[in-house]
file target.cif (mmCIF, C-alpha atoms)
data_entry
#
loop_
_atom_site.label_atom_id
_atom_site.label_comp_id
_atom_site.auth_asym_id
_atom_site.auth_seq_id
_atom_site.Cartn_x
_atom_site.Cartn_y
_atom_site.Cartn_z
CA MET A 1 17.29 21.90 -26.70
CA ASP A 2 20.56 23.88 -26.53
CA ARG A 3 22.69 23.02 -23.50
CA ARG A 4 22.87 25.69 -20.77
CA VAL A 5 26.39 25.01 -19.52
CA ALA A 6 26.90 28.32 -17.69
CA ASN A 7 23.56 27.95 -15.91
CA TYR A 8 24.39 24.42 -14.77
CA VAL A 9 27.90 25.40 -13.68
CA ALA A 10 26.34 28.06 -11.46
CA ARG A 11 23.75 25.62 -10.08
CA ILE A 12 26.29 22.88 -9.37
CA SER A 13 28.74 25.32 -7.80
CA GLY A 14 25.99 26.80 -5.64
CA ASN A 15 24.80 23.39 -4.46
CA ILE A 16 28.32 22.19 -3.62
CA GLY A 17 29.05 25.47 -1.85
CA LEU A 18 25.91 25.18 0.26
CA LEU A 19 26.72 21.54 1.05
CA VAL A 20 30.20 22.48 2.24
CA ALA A 21 28.77 25.39 4.24
CA GLY A 22 26.22 23.08 5.86
CA TRP A 23 28.86 20.61 7.02
CA ALA A 24 31.09 23.49 8.14
CA VAL A 25 28.29 24.76 10.37
CA PHE A 26 27.81 21.19 11.59
CA PHE A 27 31.42 21.03 12.80
CA GLU A 28 31.21 24.54 14.25
CA LEU A 29 28.10 23.79 16.33
CA GLY A 30 29.57 20.61 17.77
CA ASP A 31 27.61 18.35 20.09
CA SER A 32 24.47 20.50 20.27
CA TRP A 33 20.76 20.01 19.76
CA TRP A 34 20.94 23.00 17.39
CA GLN A 35 22.25 20.43 14.92
CA LEU A 36 18.63 19.57 14.19
CA VAL A 37 18.44 22.85 12.29
CA THR A 38 21.50 21.75 10.33
CA ALA A 39 19.73 18.45 9.59
CA VAL A 40 16.81 20.35 8.04
CA PHE A 41 19.17 22.47 5.93
CA LEU A 42 21.16 19.45 4.73
CA ALA A 43 17.97 17.58 3.84
CA VAL A 44 17.08 20.42 1.47
CA ILE A 45 20.58 20.47 -0.05
CA PHE A 46 20.65 16.67 -0.47
CA THR A 47 17.39 16.90 -2.43
CA GLN A 48 18.74 19.69 -4.63
CA LEU A 49 21.78 17.51 -5.31
CA ALA A 50 19.46 14.63 -6.21
CA PHE A 51 17.63 16.93 -8.66
CA MET A 52 20.96 17.62 -10.33
CA GLY A 53 21.63 13.88 -10.49
CA HIS A 54 18.24 13.53 -12.20
CA ASP A 55 19.23 16.11 -14.82
CA ALA A 56 22.58 14.41 -15.38
CA GLY A 57 20.86 11.04 -15.77
CA HIS A 58 18.75 12.52 -18.57
CA ARG A 59 21.85 14.11 -20.16
CA GLN A 60 20.36 17.57 -19.75
CA VAL A 61 23.61 19.10 -18.55
CA THR A 62 25.88 17.87 -21.35
CA ASN A 63 25.54 15.75 -24.49
CA SER A 64 28.52 13.67 -23.47
CA ARG A 65 27.56 10.28 -22.08
CA ARG A 66 30.77 10.09 -20.07
CA SER A 67 30.43 13.56 -18.55
CA SER A 68 26.79 12.88 -17.71
CA ARG A 69 27.76 9.65 -15.96
CA VAL A 70 30.48 11.40 -13.95
CA LEU A 71 28.05 14.09 -12.85
CA GLY A 72 25.43 11.46 -12.04
CA LEU A 73 27.82 9.38 -9.96
CA LEU A 74 29.02 12.48 -8.12
CA HIS A 75 25.53 13.70 -7.24
CA GLY A 76 23.96 10.27 -6.80
CA ASN A 77 26.30 7.67 -5.37
CA LEU A 78 28.88 9.92 -3.69
CA LEU A 79 26.91 12.90 -2.36
CA THR A 80 23.41 11.52 -1.70
CA GLY A 81 23.93 7.76 -1.42
CA MET A 82 21.74 6.67 -4.34
CA SER A 83 22.82 4.34 -7.13
CA LEU A 84 22.90 6.10 -10.50
CA GLY A 85 22.64 2.86 -12.46
CA TRP A 86 19.63 1.61 -10.49
CA TRP A 87 17.82 4.92 -10.70
CA VAL A 88 18.43 5.53 -14.42
CA ALA A 89 17.20 2.05 -15.37
CA LYS A 90 14.05 2.41 -13.27
CA HIS A 91 13.39 5.99 -14.30
CA ASN A 92 13.82 5.26 -18.00
CA ARG A 93 11.16 2.55 -17.78
CA HIS A 94 8.85 5.11 -16.21
CA HIS A 95 9.52 7.65 -18.97
CA SER A 96 8.92 5.08 -21.69
CA HIS A 97 5.64 3.88 -20.19
CA PRO A 98 4.23 6.55 -17.81
CA ASN A 99 1.23 5.26 -15.86
CA VAL A 100 1.09 2.15 -18.06
CA ILE A 101 -0.14 -0.75 -15.96
CA ASP A 102 2.41 -3.57 -15.60
CA ARG A 103 5.10 -1.49 -17.35
CA ASP A 104 5.62 1.66 -15.28
CA PRO A 105 7.46 0.76 -12.05
CA ASP A 106 6.18 3.94 -10.39
CA VAL A 107 2.57 2.69 -10.37
CA ALA A 108 3.37 -0.92 -9.54
CA THR A 109 1.67 -2.11 -6.38
CA GLY A 110 3.95 -2.00 -3.37
CA VAL A 111 3.44 -0.07 -0.18
CA PHE A 112 0.79 1.99 -1.99
CA VAL A 113 -1.80 0.83 -4.49
CA PHE A 114 -2.44 3.13 -7.45
CA ILE A 115 -4.40 0.71 -9.66
CA PRO A 116 -8.04 0.26 -8.50
CA ASP A 117 -8.37 -3.45 -9.32
CA GLU A 118 -5.31 -4.33 -7.22
CA ALA A 119 -6.60 -3.06 -3.86
CA GLY A 120 -9.18 -5.79 -3.19
CA PRO A 121 -6.92 -8.86 -2.88
CA ARG A 122 -4.72 -7.35 -0.14
CA GLN A 123 -4.94 -9.01 3.25
CA GLY A 124 -3.84 -8.39 6.81
CA LEU A 125 -1.66 -5.38 7.58
CA ALA A 126 -1.31 -4.54 3.88
CA ARG A 127 -5.09 -4.37 3.56
CA TRP A 128 -5.37 -2.07 6.59
CA PHE A 129 -2.62 0.17 5.24
CA THR A 130 -4.24 0.40 1.80
CA ARG A 131 -7.58 1.25 3.38
CA HIS A 132 -5.96 4.32 4.97
CA GLN A 133 -3.26 4.98 2.35
CA ALA A 134 -4.38 8.54 1.57
CA VAL A 135 -3.97 9.54 5.21
CA LEU A 136 -0.71 7.63 5.56
CA PHE A 137 0.85 8.90 2.32
CA PHE A 138 2.85 11.86 3.64
CA PRO A 139 3.89 10.17 6.91
CA THR A 140 5.17 7.21 4.88
CA LEU A 141 7.28 9.52 2.73
CA LEU A 142 9.41 10.10 5.82
CA LEU A 143 10.84 6.63 5.09
CA GLU A 144 11.50 7.33 1.40
CA GLY A 145 15.11 8.39 2.01
CA LEU A 146 15.83 5.07 3.69
CA ASN A 147 14.01 3.25 0.90
CA LEU A 148 16.16 4.92 -1.77
CA HIS A 149 19.35 3.90 0.04
CA VAL A 150 18.19 0.31 0.58
CA ALA A 151 16.98 -0.07 -3.01
CA SER A 152 20.34 1.20 -4.26
CA ILE A 153 22.26 -1.29 -2.14
CA GLN A 154 19.99 -4.17 -3.18
CA ALA A 155 20.37 -3.27 -6.85
CA LEU A 156 24.15 -3.35 -6.62
CA ALA A 157 24.44 -6.43 -4.41
CA GLY A 158 26.05 -9.28 -6.27
CA ARG A 159 26.46 -7.30 -9.49
CA ARG A 160 29.81 -7.54 -11.24
CA GLY A 161 31.79 -5.37 -13.61
CA ARG A 162 33.90 -2.24 -13.40
CA ALA A 163 30.91 0.09 -13.64
CA MET A 164 29.14 -1.63 -10.77
CA ALA A 165 32.34 -1.78 -8.71
CA LEU A 166 32.76 1.98 -9.04
CA GLU A 167 29.19 2.54 -7.92
CA VAL A 168 29.69 0.29 -4.90
CA VAL A 169 32.90 2.06 -3.90
CA LEU A 170 31.28 5.50 -4.15
CA LEU A 171 28.29 4.35 -2.10
CA LEU A 172 30.60 2.93 0.56
CA VAL A 173 32.57 6.18 0.65
CA HIS A 174 29.34 8.14 1.07
CA PHE A 175 27.96 6.06 3.94
CA ALA A 176 31.32 5.72 5.67
CA ALA A 177 32.03 9.46 5.49
CA TYR A 178 28.48 10.38 6.50
CA LEU A 179 28.45 8.14 9.57
CA ALA A 180 32.03 9.02 10.54
CA ILE A 181 31.32 12.76 10.45
CA VAL A 182 28.10 12.50 12.44
CA LEU A 183 29.48 10.08 15.06
CA LEU A 184 32.70 12.05 15.40
CA VAL A 185 30.86 15.25 16.34
CA LEU A 186 27.67 14.11 18.07
CA SER A 187 26.96 11.92 21.05
CA PRO A 188 25.19 8.64 20.20
CA VAL A 189 21.68 9.87 21.07
CA LYS A 190 22.07 13.15 19.20
CA ALA A 191 23.62 11.30 16.25
CA ILE A 192 20.64 8.95 15.99
CA VAL A 193 18.17 11.84 16.17
CA PHE A 194 20.16 13.87 13.64
CA ILE A 195 20.35 11.00 11.12
CA ALA A 196 16.67 10.14 11.59
CA LEU A 197 15.55 13.74 11.05
CA HIS A 198 17.90 14.37 8.14
CA GLN A 199 16.96 11.21 6.26
CA ALA A 200 13.24 11.58 7.04
CA LEU A 201 13.08 15.13 5.67
CA PHE A 202 15.22 14.17 2.68
CA GLY A 203 12.72 11.43 1.84
CA LEU A 204 9.73 13.69 2.47
CA TYR A 205 11.10 16.40 0.21
CA MET A 206 11.93 13.91 -2.55
CA GLY A 207 8.49 12.35 -2.31
CA CYS A 208 6.71 15.70 -2.31
CA ALA A 209 8.63 16.76 -5.42
CA PHE A 210 7.69 13.65 -7.40
CA ALA A 211 4.19 12.94 -6.03
CA PRO A 212 2.24 15.64 -7.94
CA ASN A 213 3.57 14.59 -11.34
CA HIS A 214 1.46 11.55 -12.31
CA LYS A 215 -0.59 10.30 -9.38
CA GLY A 216 -4.28 10.61 -10.15
CA MET A 217 -3.70 11.06 -13.88
CA LEU A 218 -4.78 8.71 -16.69
CA LEU A 219 -3.86 5.06 -16.17
CA ILE A 220 -3.16 3.15 -19.38
CA SER A 221 -3.71 -0.55 -20.04
CA GLY A 222 -1.96 -2.16 -22.98
CA ASP A 223 -0.21 -0.16 -25.68
CA GLY A 224 -2.34 2.93 -25.11
CA PRO A 225 -2.33 6.11 -27.22
CA ASP A 226 0.46 7.64 -29.32
CA TYR A 227 3.61 9.15 -27.79
CA LEU A 228 2.22 12.68 -27.51
CA ARG A 229 -0.94 11.66 -25.68
CA ARG A 230 0.79 8.99 -23.63
CA GLN A 231 3.18 11.57 -22.20
CA VAL A 232 0.81 14.53 -21.87
CA LEU A 233 -2.37 12.84 -20.61
CA THR A 234 -0.51 11.01 -17.83
CA SER A 235 1.41 14.09 -16.59
CA ARG A 236 0.47 17.08 -14.47
CA ASN A 237 2.23 20.45 -14.34
CA VAL A 238 2.40 22.62 -11.22
CA ARG A 239 1.93 26.35 -11.67
CA GLY A 240 4.31 28.81 -10.07
CA GLY A 241 7.23 31.15 -10.58
CA ARG A 242 10.97 30.95 -10.13
CA VAL A 243 10.66 29.81 -6.50
CA THR A 244 8.46 26.88 -7.55
CA ASP A 245 10.99 26.00 -10.25
CA LEU A 246 13.74 25.93 -7.62
CA VAL A 247 11.77 24.00 -5.00
CA PHE A 248 10.62 21.32 -7.46
CA GLY A 249 13.88 21.15 -9.38
CA GLY A 250 12.06 21.80 -12.67
CA LEU A 251 9.80 18.78 -12.17
CA ASN A 252 6.84 21.16 -12.03
CA TYR A 253 7.13 21.20 -15.85
CA GLN A 254 6.37 17.50 -15.99
CA ILE A 255 4.63 17.57 -19.37
CA GLU A 256 7.50 19.35 -21.08
CA HIS A 257 10.02 17.13 -19.33
CA HIS A 258 8.25 13.95 -20.46
CA LEU A 259 7.96 15.09 -24.04
CA PHE A 260 11.62 16.16 -24.14
CA PRO A 261 13.51 14.34 -21.33
CA SER A 262 16.91 15.69 -22.38
CA MET A 263 15.77 19.32 -22.52
CA PRO A 264 17.86 21.34 -20.02
CA ARG A 265 15.94 22.36 -16.92
CA PRO A 266 16.27 26.15 -17.52
CA ASN A 267 14.63 25.75 -20.95
CA LEU A 268 11.47 24.03 -19.72
CA ARG A 269 9.84 27.31 -18.69
CA ARG A 270 10.60 28.79 -22.12
CA ALA A 271 9.20 25.76 -23.96
CA GLN A 272 5.98 25.58 -21.93
CA PRO A 273 3.91 28.18 -23.85
CA LEU A 274 4.76 26.52 -27.18
CA ILE A 275 3.88 23.03 -25.96
CA ARG A 276 0.71 24.16 -24.18
CA GLU A 277 -0.54 25.92 -27.33
CA PHE A 278 0.37 22.91 -29.48
CA CYS A 279 -1.64 20.62 -27.20
CA ARG A 280 -4.64 22.94 -27.28
CA SER A 281 -4.52 23.24 -31.07
CA HIS A 282 -4.53 19.43 -31.33
CA ASP A 283 -7.27 18.98 -28.72
CA VAL A 284 -4.94 17.23 -26.24
CA SER A 285 -5.83 17.94 -22.59
CA TYR A 286 -3.02 19.86 -20.88
CA CYS A 287 -3.23 19.56 -17.08
CA GLU A 288 -1.81 22.40 -15.00
CA THR A 289 -2.73 23.16 -11.41
CA GLY A 290 -1.49 24.72 -8.18
CA VAL A 291 0.81 23.02 -5.69
CA LEU A 292 -1.84 22.27 -3.07
CA ASP A 293 -4.37 21.13 -5.64
CA SER A 294 -1.82 18.76 -7.17
CA TYR A 295 -1.44 17.07 -3.79
CA ARG A 296 -5.21 17.06 -3.31
CA GLN A 297 -5.67 15.25 -6.62
CA ALA A 298 -2.99 12.68 -5.79
CA LEU A 299 -4.51 12.00 -2.36
CA ARG A 300 -8.01 11.84 -3.84
CA HIS A 301 -6.81 9.14 -6.22
CA LEU A 302 -5.30 7.10 -3.36
CA HIS A 303 -8.53 7.55 -1.39
CA ASP A 304 -10.70 6.45 -4.32
CA VAL A 305 -8.55 3.39 -5.02
CA SER A 306 -8.93 2.22 -1.43
CA GLU A 307 -12.66 3.02 -1.19
CA PRO A 308 -13.84 -0.61 -1.73
CA LEU A 309 -11.85 -1.67 1.36
CA ARG A 310 -13.77 0.80 3.53
CA ARG A 311 -17.21 -0.48 2.61
CA PRO A 312 -19.14 -2.20 5.42
CA VAL A 313 -18.74 -5.97 5.32
CA THR A 314 -22.06 -7.69 4.67
CA PRO A 315 -22.73 -11.45 4.88
CA ALA A 316 -22.97 -11.60 1.07
CA SER A 317 -19.68 -9.75 0.54
CA ALA A 318 -17.98 -11.88 3.19
CA ALA A 319 -19.16 -15.01 1.43
CA ASP A 320 -17.92 -13.68 -1.92
CA ALA A 321 -14.54 -12.83 -0.37
CA GLY A 322 -14.32 -16.35 1.03
#
call {"tool": "encode", "arguments": {"input": "target.cif", "output": "structure tokens"}}
result
Amino acid sequence: MDRRVANYVARISGNIGLLVAGWAVFFELGDSWWQLVTAVFLAVIFTQLAFMGHDAGHRQVTNSRRSSRVLGLLHGNLLTGMSLGWWVAKHNRHHSHPNVIDRDPDVATGVFVFIPDEAGPRQGLARWFTRHQAVLFFPTLLLEGLNLHVASIQALAGRRGRAMALEVVLLLVHFAAYLAIVLLVLSPVKAIVFIALHQALFGLYMGCAFAPNHKGMLLISGDGPDYLRRQVLTSRNVRGGRVTDLVFGGLNYQIEHHLFPSMPRPNLRRAQPLIREFCRSHDVSYCETGVLDSYRQALRHLHDVSEPLRRPVTPASAADAG
């Protein structure tokens, strides 16, 4: 649980340096279609910055509440355009009640349906989408970046207080600077394509980093089991080495992270053998799989949830539906 200040200083410095380098290349290339390569690079860096905001929100970087908030506002509101306050409140509810029906916002029915009993009542376009949600999952993640921005703005709209005012100002600075830089350098058509590609890949990367963690794992109704089992049985780890740790921002150690949310990211790998052995000695299932299999399991769950909507409609079922 010891803080890894030097490690985080290096990570933050590296991320900021790469962000500055990305925008420097953007200005150097000018009004060129090669900027689409820059969009891909910046999408990766934006996601890495968001990972750091996640760590700051959990107070993994420093014990200080104030320092953590400053880091969170810097990486969230200012650099990536996401509200720290909105995200922390939502994410804390998820950590307290992972995969708990009616309590975990991450499994609440929205665009996707993760709870089997909630697929049947959908009608119209929503019903068609749910029927094919496994196929549409990754394409829909291309809109996740936009969704995060919109949700942040909606959460702050009409809110009062100095804390909220600061968040609003930082968000406005982010969007104003982002649009000004892009429109200053690129022609309108190239600017639209650049923003669309950058935000789409940012959302896809974010979604792909969080999707393997809980989707397809145990769903809990009511109070459920004790803390240990509630956190472990609903979480899935992704195997891999240092590259996997970097790509997933440490979220590949989802079990360890859920048991100890404030544990610094660099320590999760070191804690894993201890926690895995503890779970085995107490007969608690510890789920760990490869990257591709984690996605397969998540998609299989979405497919299974929507299976009733793909059954042939018979006169009896039509009458029951009516």
call {"tool": "residues_around", "arguments": {"input": "target.cif", "residues": "Ser285 (chain A)", "least_positions_apart": "5", "cutoff": "8 Å", "atoms": "all atoms listed in the file", "output": "PyMOL selection string"}}
result
chain A and resi 232-233+279-280
call {"tool": "atom_distance", "arguments": {"input": "target.cif", "atom1": "CA of Asp55 (chain A)", "atom2": "CA of Met263 (chain A)"}}
result
9.0 Å
call {"tool": "residues_around", "arguments": {"input": "target.cif", "residues": "His95 (chain A)", "least_positions_apart": "6", "cutoff": "9 Å", "atoms": "only C-alpha atoms", "output": "mmCIF file with C-alpha atoms, in the coordinates of the input"}}
result
data_model
loop_
_atom_site.group_PDB
_atom_site.id
_atom_site.type_symbol
_atom_site.label_atom_id
_atom_site.label_comp_id
_atom_site.auth_asym_id
_atom_site.auth_seq_id
_atom_site.Cartn_x
_atom_site.Cartn_y
_atom_site.Cartn_z
ATOM 1 C CA ASP A 104 5.620 1.660 -15.280
ATOM 2 C CA GLN A 231 3.180 11.570 -22.200
ATOM 3 C CA HIS A 258 8.250 13.950 -20.460
ATOM 4 C CA PRO A 261 13.510 14.340 -21.330
#
call {"tool": "residues_around", "arguments": {"input": "target.cif", "residues": "Val111 (chain A)", "least_positions_apart": "5", "cutoff": "10 Å", "atoms": "only C-alpha atoms", "output": "list of chain:residue names"}}
result
A:Ala126, A:Phe129, A:Thr130, A:Gln133, A:Phe137, A:Thr140
call {"tool": "residues_around", "arguments": {"input": "target.cif", "residues": "Trp86 (chain A)", "least_positions_apart": "6", "cutoff": "10 Å", "atoms": "all atoms listed in the file", "output": "list in words"}}
result
Leu148, Ala151, Ser152, Ile153, Gln154, Ala155, Leu156 and Glu167 of chain A
call {"tool": "resolve_selection", "arguments": {"input": "target.cif", "expression": "the PyMOL selection byres ((chain A and resi 178-182) around 12)", "output": "JSON, numbers by chain"}}
result
{"A": [23, 24, 26, 27, 29, 30, 31, 32, 35, 36, 38, 39, 42, 78, 79, 80, 81, 171, 172, 173, 174, 175, 176, 177, 183, 184, 185, 186, 187, 188, 189, 190, 191, 192, 193, 194, 195, 196, 198, 199]}
call {"tool": "atom_distance", "arguments": {"input": "target.cif", "atom1": "CA of Arg300 (chain A)", "atom2": "CA of Thr234 (chain A)"}}
result
15.9 Å
call {"tool": "atom_distance", "arguments": {"input": "target.cif", "atom1": "CA of Asn237 (chain A)", "atom2": "CA of Cys208 (chain A)"}}
result
13.7 Å
call {"tool": "decode", "arguments": {"input": "target.cif", "residues": "region 136-149 of chain A", "atoms": "N, CA and C atoms", "output": "PDB file, in the first residue's frame"}}
result
ATOM      1  N   LEU A 136     -22.809  -5.431 -32.150  1.00  0.00           N
ATOM      2  CA  LEU A 136     -22.715  -3.973 -32.194  1.00  0.00           C
ATOM      3  C   LEU A 136     -21.865  -3.398 -31.058  1.00  0.00           C
ATOM      4  N   PHE A 137     -21.378  -4.244 -30.168  1.00  0.00           N
ATOM      5  CA  PHE A 137     -20.684  -3.742 -28.983  1.00  0.00           C
ATOM      6  C   PHE A 137     -19.469  -2.895 -29.330  1.00  0.00           C
ATOM      7  N   PHE A 138     -18.520  -3.443 -30.080  1.00  0.00           N
ATOM      8  CA  PHE A 138     -17.305  -2.688 -30.382  1.00  0.00           C
ATOM      9  C   PHE A 138     -17.570  -1.482 -31.290  1.00  0.00           C
ATOM     10  N   PRO A 139     -18.424  -1.611 -32.328  1.00  0.00           N
ATOM     11  CA  PRO A 139     -18.732  -0.402 -33.104  1.00  0.00           C
ATOM     12  C   PRO A 139     -19.344   0.715 -32.257  1.00  0.00           C
ATOM     13  N   THR A 140     -20.171   0.345 -31.279  1.00  0.00           N
ATOM     14  CA  THR A 140     -20.800   1.354 -30.427  1.00  0.00           C
ATOM     15  C   THR A 140     -19.786   2.051 -29.529  1.00  0.00           C
ATOM     16  N   LEU A 141     -18.715   1.342 -29.170  1.00  0.00           N
ATOM     17  CA  LEU A 141     -17.683   1.956 -28.337  1.00  0.00           C
ATOM     18  C   LEU A 141     -17.020   3.145 -29.024  1.00  0.00           C
ATOM     19  N   LEU A 142     -17.145   3.236 -30.339  1.00  0.00           N
ATOM     20  CA  LEU A 142     -16.598   4.382 -31.055  1.00  0.00           C
ATOM     21  C   LEU A 142     -17.276   5.684 -30.630  1.00  0.00           C
ATOM     22  N   LEU A 143     -18.446   5.565 -30.006  1.00  0.00           N
ATOM     23  CA  LEU A 143     -19.178   6.747 -29.530  1.00  0.00           C
ATOM     24  C   LEU A 143     -18.952   6.999 -28.034  1.00  0.00           C
ATOM     25  N   GLU A 144     -18.150   6.150 -27.385  1.00  0.00           N
ATOM     26  CA  GLU A 144     -17.975   6.269 -25.942  1.00  0.00           C
ATOM     27  C   GLU A 144     -17.278   7.567 -25.549  1.00  0.00           C
ATOM     28  N   GLY A 145     -16.328   8.026 -26.369  1.00  0.00           N
ATOM     29  CA  GLY A 145     -15.666   9.297 -26.069  1.00  0.00           C
ATOM     30  C   GLY A 145     -16.669  10.436 -26.016  1.00  0.00           C
ATOM     31  N   LEU A 146     -17.542  10.495 -27.022  1.00  0.00           N
ATOM     32  CA  LEU A 146     -18.593  11.518 -27.039  1.00  0.00           C
ATOM     33  C   LEU A 146     -19.505  11.366 -25.834  1.00  0.00           C
ATOM     34  N   ASN A 147     -19.846  10.135 -25.496  1.00  0.00           N
ATOM     35  CA  ASN A 147     -20.723   9.884 -24.355  1.00  0.00           C
ATOM     36  C   ASN A 147     -20.110  10.393 -23.046  1.00  0.00           C
ATOM     37  N   LEU A 148     -18.809  10.178 -22.870  1.00  0.00           N
ATOM     38  CA  LEU A 148     -18.145  10.636 -21.652  1.00  0.00           C
ATOM     39  C   LEU A 148     -18.168  12.161 -21.543  1.00  0.00           C
ATOM     40  N   HIS A 149     -17.969  12.841 -22.681  1.00  0.00           N
ATOM     41  CA  HIS A 149     -18.012  14.305 -22.677  1.00  0.00           C
ATOM     42  C   HIS A 149     -19.418  14.812 -22.370  1.00  0.00           C
TER      43      HIS A 149
END
